[in-house]
$ cat model_13.cif   # mmCIF, C-alpha atoms
data_data
#
loop_
_atom_site.label_atom_id
_atom_site.label_comp_id
_atom_site.auth_asym_id
_atom_site.auth_seq_id
_atom_site.Cartn_x
_atom_site.Cartn_y
_atom_site.Cartn_z
CA MET Y 1 -159.29 -4.93 -89.81
CA SER Y 2 -157.55 -5.65 -86.53
CA LEU Y 3 -156.42 -2.90 -84.16
CA LYS Y 4 -152.85 -4.06 -84.68
CA ALA Y 5 -153.17 -3.62 -88.45
CA ILE Y 6 -154.70 -0.15 -88.00
CA ALA Y 7 -151.89 0.84 -85.63
CA LEU Y 8 -149.24 -0.38 -88.06
CA GLY Y 9 -150.98 1.50 -90.86
CA LEU Y 10 -151.01 4.70 -88.80
CA LEU Y 11 -147.31 4.29 -87.98
CA ALA Y 12 -146.48 3.81 -91.65
CA THR Y 13 -148.52 6.87 -92.63
CA SER Y 14 -146.86 8.89 -89.90
CA ALA Y 15 -143.42 7.83 -91.13
CA LEU Y 16 -144.32 8.83 -94.67
CA ILE Y 17 -145.56 12.22 -93.50
CA GLY Y 18 -142.40 12.69 -91.46
CA THR Y 19 -140.30 11.83 -94.49
CA ALA Y 20 -142.25 14.28 -96.62
CA VAL Y 21 -141.83 17.03 -94.05
CA ALA Y 22 -138.10 16.32 -93.84
CA GLN Y 23 -137.86 16.42 -97.64
CA ASP Y 24 -139.79 19.72 -97.70
CA LYS Y 25 -137.23 21.36 -95.42
CA ILE Y 26 -135.29 24.10 -97.14
CA LYS Y 27 -131.63 23.60 -96.34
CA ILE Y 28 -129.39 26.66 -96.25
CA GLY Y 29 -125.66 26.23 -95.74
CA VAL Y 30 -123.79 29.01 -93.95
CA SER Y 31 -120.04 28.81 -94.53
CA ILE Y 32 -117.90 31.28 -92.59
CA PRO Y 33 -114.32 31.55 -91.30
CA ALA Y 34 -113.69 30.27 -87.78
CA ALA Y 35 -113.40 32.75 -84.90
CA THR Y 36 -109.70 33.37 -85.48
CA HIS Y 37 -109.92 37.00 -84.32
CA GLY Y 38 -112.34 39.35 -82.62
CA PHE Y 39 -114.37 40.40 -85.65
CA MET Y 40 -114.91 36.78 -86.70
CA GLY Y 41 -115.77 35.89 -83.11
CA GLY Y 42 -118.51 38.50 -83.23
CA LEU Y 43 -119.63 37.32 -86.66
CA ASN Y 44 -119.82 33.68 -85.51
CA TRP Y 45 -121.90 34.77 -82.52
CA HIS Y 46 -124.32 36.74 -84.71
CA ALA Y 47 -124.62 33.77 -87.10
CA ALA Y 48 -125.57 31.42 -84.24
CA GLU Y 49 -128.10 33.92 -82.88
CA ALA Y 50 -129.64 34.37 -86.33
CA GLU Y 51 -129.85 30.59 -86.79
CA LYS Y 52 -131.88 30.21 -83.59
CA ARG Y 53 -134.17 33.13 -84.44
CA LEU Y 54 -134.79 32.18 -88.06
CA GLU Y 55 -135.40 28.46 -87.41
CA ALA Y 56 -137.84 29.29 -84.60
CA ALA Y 57 -139.77 31.62 -86.90
CA ASN Y 58 -139.61 29.33 -89.96
CA PRO Y 59 -140.03 25.60 -89.12
CA ASN Y 60 -139.42 24.66 -92.77
CA ILE Y 61 -135.94 26.23 -92.73
CA ASP Y 62 -132.83 24.25 -91.73
CA LEU Y 63 -129.71 26.41 -91.37
CA ILE Y 64 -126.41 24.50 -91.34
CA ILE Y 65 -123.46 26.56 -90.09
CA VAL Y 66 -119.91 25.37 -90.82
CA THR Y 67 -116.69 27.18 -89.94
CA ALA Y 68 -113.33 26.93 -91.69
CA ASP Y 69 -109.71 27.53 -90.65
CA GLY Y 70 -108.51 28.37 -94.17
CA PRO Y 71 -109.48 28.48 -97.87
CA ALA Y 72 -108.87 24.77 -98.50
CA ASP Y 73 -110.90 23.81 -95.43
CA GLN Y 74 -113.74 26.05 -96.57
CA ALA Y 75 -113.71 24.59 -100.09
CA SER Y 76 -114.04 21.12 -98.54
CA ASP Y 77 -116.94 22.36 -96.39
CA LEU Y 78 -118.76 23.54 -99.52
CA GLU Y 79 -118.39 20.11 -101.12
CA ASP Y 80 -119.90 18.50 -98.00
CA LEU Y 81 -122.79 20.97 -97.89
CA VAL Y 82 -123.71 19.91 -101.43
CA SER Y 83 -123.00 16.17 -101.30
CA VAL Y 84 -124.09 15.40 -97.73
CA HIS Y 85 -126.69 18.05 -96.93
CA GLN Y 86 -127.92 18.78 -100.47
CA ILE Y 87 -128.42 22.45 -99.71
CA ASP Y 88 -130.89 24.67 -101.54
CA ALA Y 89 -128.95 27.86 -100.80
CA LEU Y 90 -125.54 28.98 -99.60
CA VAL Y 91 -124.56 31.95 -97.48
CA VAL Y 92 -120.79 32.24 -97.76
CA LEU Y 93 -118.20 34.62 -96.38
CA PRO Y 94 -115.12 33.57 -98.38
CA PHE Y 95 -111.95 33.09 -96.37
CA GLU Y 96 -110.18 34.59 -99.38
CA SER Y 97 -111.73 35.80 -102.61
CA GLU Y 98 -109.80 34.05 -105.37
CA PRO Y 99 -109.43 30.53 -103.87
CA LEU Y 100 -113.17 30.34 -103.10
CA THR Y 101 -114.51 31.64 -106.40
CA GLU Y 102 -114.51 28.30 -108.25
CA PRO Y 103 -115.77 26.25 -105.25
CA VAL Y 104 -118.72 28.64 -104.88
CA ARG Y 105 -119.33 28.49 -108.62
CA ALA Y 106 -119.58 24.70 -108.31
CA VAL Y 107 -122.28 25.12 -105.64
CA LYS Y 108 -124.12 27.57 -107.90
CA GLN Y 109 -124.09 25.00 -110.72
CA THR Y 110 -126.19 22.65 -108.56
CA GLY Y 111 -128.99 25.22 -108.69
CA ALA Y 112 -128.42 26.66 -105.23
CA PHE Y 113 -129.24 30.29 -104.40
CA ILE Y 114 -125.97 32.07 -103.53
CA THR Y 115 -125.51 34.87 -101.02
CA VAL Y 116 -121.95 36.19 -100.73
CA VAL Y 117 -120.98 38.16 -97.63
CA ASP Y 118 -118.23 40.71 -97.05
CA ARG Y 119 -115.24 39.32 -98.99
CA GLY Y 120 -116.53 39.28 -102.55
CA LEU Y 121 -115.68 36.66 -105.15
CA THR Y 122 -113.49 37.53 -108.11
CA ASP Y 123 -116.50 36.78 -110.35
CA PRO Y 124 -119.55 38.63 -108.96
CA SER Y 125 -121.85 37.03 -111.56
CA ILE Y 126 -121.91 33.87 -109.42
CA GLN Y 127 -123.86 35.51 -106.60
CA ASP Y 128 -127.59 36.17 -106.37
CA VAL Y 129 -127.16 38.47 -103.36
CA TYR Y 130 -124.20 40.38 -101.96
CA VAL Y 131 -124.20 41.69 -98.37
CA SER Y 132 -121.38 43.79 -97.02
CA GLY Y 133 -120.31 46.76 -95.04
CA ASN Y 134 -119.50 49.76 -97.19
CA ASN Y 135 -115.81 49.22 -97.86
CA THR Y 136 -115.47 52.22 -100.14
CA GLU Y 137 -117.13 54.46 -97.56
CA MET Y 138 -114.87 52.98 -94.88
CA GLY Y 139 -111.78 53.95 -96.85
CA VAL Y 140 -113.13 57.42 -97.67
CA ASN Y 141 -114.23 58.20 -94.10
CA SER Y 142 -110.90 57.04 -92.68
CA ALA Y 143 -108.99 59.19 -95.17
CA GLU Y 144 -111.18 62.24 -94.64
CA TYR Y 145 -110.58 62.06 -90.91
CA MET Y 146 -106.84 61.75 -91.51
CA MET Y 147 -106.99 64.92 -93.59
CA THR Y 148 -108.63 66.83 -90.73
CA ARG Y 149 -105.55 66.08 -88.62
CA LEU Y 150 -102.71 65.88 -91.15
CA GLY Y 151 -101.53 67.74 -94.21
CA ASP Y 152 -98.63 68.48 -96.51
CA GLY Y 153 -95.46 66.67 -95.44
CA ASP Y 154 -97.04 64.52 -92.73
CA ASN Y 155 -96.30 60.78 -92.78
CA ILE Y 156 -98.56 57.78 -92.31
CA VAL Y 157 -98.27 54.00 -92.50
CA ILE Y 158 -101.04 51.61 -93.52
CA LEU Y 159 -101.78 48.10 -92.25
CA ARG Y 160 -104.02 46.19 -94.64
CA GLY Y 161 -106.10 43.02 -94.11
CA ILE Y 162 -105.63 40.07 -96.45
CA PRO Y 163 -105.71 39.96 -100.28
CA THR Y 164 -109.45 40.21 -100.88
CA VAL Y 165 -111.83 42.32 -102.92
CA LEU Y 166 -112.96 44.24 -99.84
CA ASP Y 167 -109.40 45.08 -98.79
CA THR Y 168 -108.72 46.43 -102.28
CA GLU Y 169 -111.90 48.51 -102.16
CA ARG Y 170 -110.92 50.04 -98.82
CA PHE Y 171 -107.32 50.70 -99.83
CA ASP Y 172 -108.10 52.17 -103.25
CA ALA Y 173 -110.77 54.48 -101.80
CA PHE Y 174 -108.43 55.65 -99.06
CA MET Y 175 -105.57 56.35 -101.46
CA ALA Y 176 -107.83 58.17 -103.93
CA THR Y 177 -109.20 60.37 -101.15
CA ILE Y 178 -105.81 61.50 -99.80
CA GLU Y 179 -104.42 62.12 -103.29
CA GLY Y 180 -103.23 65.70 -103.52
CA SER Y 181 -103.33 66.23 -99.74
CA GLY Y 182 -99.56 66.14 -99.38
CA ILE Y 183 -99.80 63.26 -96.89
CA ASN Y 184 -96.98 60.75 -97.48
CA VAL Y 185 -97.68 57.01 -97.26
CA LEU Y 186 -94.38 55.58 -96.06
CA ASP Y 187 -95.42 51.95 -96.58
CA ASN Y 188 -98.38 49.56 -96.52
CA LYS Y 189 -98.32 45.90 -95.48
CA PHE Y 190 -100.85 43.14 -94.92
CA ALA Y 191 -101.53 42.34 -91.26
CA ASN Y 192 -104.22 39.69 -91.85
CA TRP Y 193 -106.83 41.38 -89.65
CA ASN Y 194 -104.93 39.90 -86.75
CA ARG Y 195 -103.69 41.43 -83.49
CA ASP Y 196 -100.34 39.59 -83.42
CA ASP Y 197 -99.62 40.39 -87.07
CA GLY Y 198 -100.60 44.00 -86.46
CA PHE Y 199 -98.10 44.13 -83.62
CA GLU Y 200 -95.29 42.67 -85.75
CA VAL Y 201 -95.96 44.87 -88.78
CA MET Y 202 -96.14 47.99 -86.62
CA GLN Y 203 -92.91 47.06 -84.86
CA ASP Y 204 -91.26 46.91 -88.28
CA PHE Y 205 -92.70 50.31 -89.24
CA LEU Y 206 -91.55 51.87 -85.98
CA ALA Y 207 -88.03 50.50 -86.44
CA ARG Y 208 -87.76 51.80 -90.01
CA PHE Y 209 -89.51 55.15 -89.75
CA PRO Y 210 -88.52 57.70 -87.09
CA ASP Y 211 -91.27 60.11 -88.15
CA ILE Y 212 -94.83 58.72 -88.22
CA ASP Y 213 -97.77 61.08 -87.68
CA GLY Y 214 -100.69 58.72 -88.28
CA VAL Y 215 -101.59 55.04 -88.73
CA TRP Y 216 -104.46 53.64 -90.74
CA ALA Y 217 -104.96 50.19 -89.23
CA GLN Y 218 -108.25 49.59 -91.09
CA ASP Y 219 -109.37 46.99 -88.55
CA ASP Y 220 -109.82 46.93 -84.77
CA ASP Y 221 -108.05 43.61 -84.23
CA ILE Y 222 -105.04 45.04 -86.04
CA THR Y 223 -105.46 48.24 -84.03
CA LEU Y 224 -104.96 46.39 -80.74
CA GLY Y 225 -101.60 45.08 -81.93
CA VAL Y 226 -100.61 48.47 -83.35
CA VAL Y 227 -101.41 50.24 -80.08
CA GLU Y 228 -99.40 47.68 -78.11
CA ALA Y 229 -96.38 48.15 -80.39
CA ILE Y 230 -96.57 51.94 -80.19
CA LYS Y 231 -96.81 51.89 -76.41
CA GLN Y 232 -93.91 49.45 -76.07
CA ALA Y 233 -91.82 51.81 -78.20
CA GLY Y 234 -92.87 54.78 -76.07
CA ARG Y 235 -94.07 56.70 -79.12
CA GLU Y 236 -97.77 57.15 -78.29
CA SER Y 237 -97.46 60.96 -78.16
CA GLU Y 238 -96.18 61.09 -81.76
CA MET Y 239 -99.11 59.65 -83.68
CA PHE Y 240 -102.75 58.52 -83.70
CA VAL Y 241 -104.43 55.37 -85.04
CA VAL Y 242 -107.62 54.98 -87.09
CA GLY Y 243 -109.05 51.45 -87.01
CA GLY Y 244 -112.37 50.04 -88.08
CA ALA Y 245 -115.25 47.64 -87.33
CA GLY Y 246 -116.65 48.79 -83.97
CA MET Y 247 -114.96 46.53 -81.40
CA LYS Y 248 -116.35 47.36 -77.97
CA GLU Y 249 -112.90 47.94 -76.43
CA ILE Y 250 -112.04 50.47 -79.14
CA ILE Y 251 -115.43 52.19 -78.90
CA LYS Y 252 -115.01 52.50 -75.13
CA GLY Y 253 -111.64 54.15 -75.71
CA VAL Y 254 -113.20 56.60 -78.16
CA MET Y 255 -115.94 57.37 -75.64
CA ASP Y 256 -113.32 58.00 -72.95
CA GLY Y 257 -111.28 60.34 -75.17
CA ASP Y 258 -108.28 58.09 -75.87
CA ALA Y 259 -105.88 60.38 -77.81
CA LEU Y 260 -104.09 57.43 -79.44
CA VAL Y 261 -107.33 56.01 -80.91
CA PRO Y 262 -109.59 59.07 -81.21
CA VAL Y 263 -112.10 57.61 -83.72
CA ASP Y 264 -113.25 54.37 -85.30
CA VAL Y 265 -115.15 53.47 -88.48
CA LEU Y 266 -118.09 51.05 -88.30
CA TYR Y 267 -118.01 47.71 -90.13
CA PRO Y 268 -120.62 45.53 -88.39
CA PRO Y 269 -120.06 41.79 -87.82
CA ALA Y 270 -123.88 41.50 -87.61
CA GLN Y 271 -123.92 41.69 -91.42
CA ILE Y 272 -123.95 37.87 -91.43
CA ALA Y 273 -127.38 37.98 -89.79
CA THR Y 274 -128.58 40.36 -92.52
CA ALA Y 275 -127.31 37.92 -95.14
CA MET Y 276 -129.11 34.99 -93.49
CA ASP Y 277 -132.33 37.02 -93.18
CA VAL Y 278 -132.25 37.95 -96.86
CA THR Y 279 -131.55 34.37 -97.95
CA VAL Y 280 -134.42 32.98 -95.88
CA ASN Y 281 -136.70 35.68 -97.30
CA HIS Y 282 -135.92 34.40 -100.79
CA PHE Y 283 -137.81 31.23 -99.83
CA VAL Y 284 -140.52 32.53 -97.50
CA SER Y 285 -141.36 35.92 -99.02
CA ASN Y 286 -143.07 36.72 -102.31
CA GLY Y 287 -140.89 39.81 -102.78
CA PRO Y 288 -137.61 39.88 -104.74
CA VAL Y 289 -134.41 39.89 -102.68
CA THR Y 290 -131.66 39.73 -105.31
CA GLY Y 291 -129.05 42.47 -105.56
CA SER Y 292 -126.63 44.15 -103.17
CA TYR Y 293 -127.23 45.12 -99.56
CA ILE Y 294 -124.52 47.56 -98.52
CA LEU Y 295 -124.50 48.62 -94.87
CA GLY Y 296 -123.17 52.01 -93.82
CA SER Y 297 -119.69 52.68 -92.39
CA PRO Y 298 -120.01 55.95 -90.48
CA LEU Y 299 -117.20 57.64 -88.57
CA ILE Y 300 -117.48 56.94 -84.83
CA THR Y 301 -116.40 59.86 -82.67
CA LYS Y 302 -116.53 60.72 -78.99
CA GLU Y 303 -119.80 62.55 -79.65
CA ASN Y 304 -121.68 59.58 -81.18
CA ALA Y 305 -119.75 56.56 -79.79
CA ALA Y 306 -122.36 55.66 -77.16
CA GLN Y 307 -124.87 54.53 -79.79
CA PHE Y 308 -122.33 52.01 -81.15
CA TYR Y 309 -121.22 50.64 -77.76
CA PHE Y 310 -122.60 47.20 -76.85
CA PRO Y 311 -120.73 46.00 -73.73
CA ASP Y 312 -122.46 42.59 -73.65
CA SER Y 313 -121.48 41.64 -77.19
CA PRO Y 314 -118.49 39.33 -77.84
CA PHE Y 315 -116.88 41.98 -80.04
#
$ encode --input "model_13.cif" --output "structure tokens"
Amino acid sequence: MSLKAIALGLLATSALIGTAVAQDKIKIGVSIPAATHGFMGGLNWHAAEAEKRLEAANPNIDLIIVTADGPADQASDLEDLVSVHQIDALVVLPFESEPLTEPVRAVKQTGAFITVVDRGLTDPSIQDVYVSGNNTEMGVNSAEYMMTRLGDGDNIVILRGIPTVLDTERFDAFMATIEGSGINVLDNKFANWNRDDGFEVMQDFLARFPDIDGVWAQDDDITLGVVEAIKQAGRESEMFVVGGAGMKEIIKGVMDGDALVPVDVLYPPAQIATAMDVTVNHFVSNGPVTGSYILGSPLITKENAAQFYFPDSPF
């Protein structure tokens, strides 16, 4: 056999091996909302960091991250992950619970392993794994702090996120905890986990209610807008705000003794990295990984804030 024939044979064998290796790659789609606010900016950053770490440690893993600007955009992304990338697994943080339930079910029907993050689907039977902060604990801890400061006849307003399972869990737990305390909830409105919406909703509350003793903002992006509205109205000495997530600006304020935002409640954006770790482990570990992974939501106070402060993080 000539050297040329041998060389061509080696090239063909190499191409076949390369094709086999490519086919052996485990493809995991990661579908998350775009960085429309601080928490999602932090979550996108943690997803990218996890992708680099996990692919370096597992050469047979291909993580494909896609970001969406809304539910319809995310549903389209899921179709592409199946039809174009032929994924073996999906890690999904639904933009909204109800509109994404059927699109995720369609991915499940292809045989893909499904990990749902944070905003649960309306049908939990679709998921193999669920990863989230502890929304019930977040609501309870926020309410319990409120009750250390307020009592019978005091008034609060509540700014909620968007209509999702996790928002309902937080709200229901909060309301159940303050039941019987005598604290009056003047109103609650959705603020879409958004600073600008938080500002507008709080402006409305301030215009309608002359007596507000406390604000449960539930989320640190909302908190920024709430604080701005309160300060513009010159009413910062009348009330305090309880947010949530662990944004570095809020944590710094807690550390410094900011009377307007005296505490925060943790809800880590790094949960996306946990979800990606668990999903990869389904393929590379011989241990079971199905079930729920619920991360803690402790109360952050001036005394413990330093351990939750990460000045170099994007959130």
$ closest_residue --input "model_13.cif" --among "Y:Ile178, Y:Leu100, Y:Leu159, Y:Ile230" --to "Y:Asn141" --atoms "all atoms listed in the file"
Y:Ile178
$ resolve_selection --input "model_13.cif" --expression "the PyMOL selection byres ((chain Y and resi 221) around 9)" --output "JSON, numbers by chain"
{"Y": [37, 38, 39, 193, 194, 195, 196, 198, 217, 219, 220, 222, 223, 224, 225, 226, 243, 244, 245, 247]}
$ atom_distance --input "model_13.cif" --atom1 "atom CA of Y:Leu93" --atom2 "atom CA of Y:Arg170"
17.2 Å
$ residues_around --input "model_13.cif" --residues "Y:Asp62" --least-positions-apart "2" --cutoff "12 Å" --atoms "all atoms listed in the file" --output "number ranges by chain"
Y: 21-30, 50-60, 64-65, 85-90, 276, 279-280, 283
$ residues_around --input "model_13.cif" --residues "Y:Gly120" --least-positions-apart "6" --cutoff "9 Å" --atoms "all atoms listed in the file" --output "list of chain:residue names"
Y:Leu93, Y:Pro94, Y:Glu96, Y:Ser97, Y:Glu98, Y:Thr101, Y:Tyr130, Y:Ser132, Y:Thr164, Y:Val165, Y:Leu166
$ closest_residue --input "model_13.cif" --among "Y:Pro210, Y:Gly253, Y:Gly111, Y:Gly42" --to "Y:Lys302" --atoms "all atoms listed in the file"
Y:Gly253
$ resolve_selection --input "model_13.cif" --expression "the PyMOL selection byres ((chain Y and resi 185) around 7)" --output "VMD selection string"
chain Y and resid 155 to 157 183 to 184 186 to 187
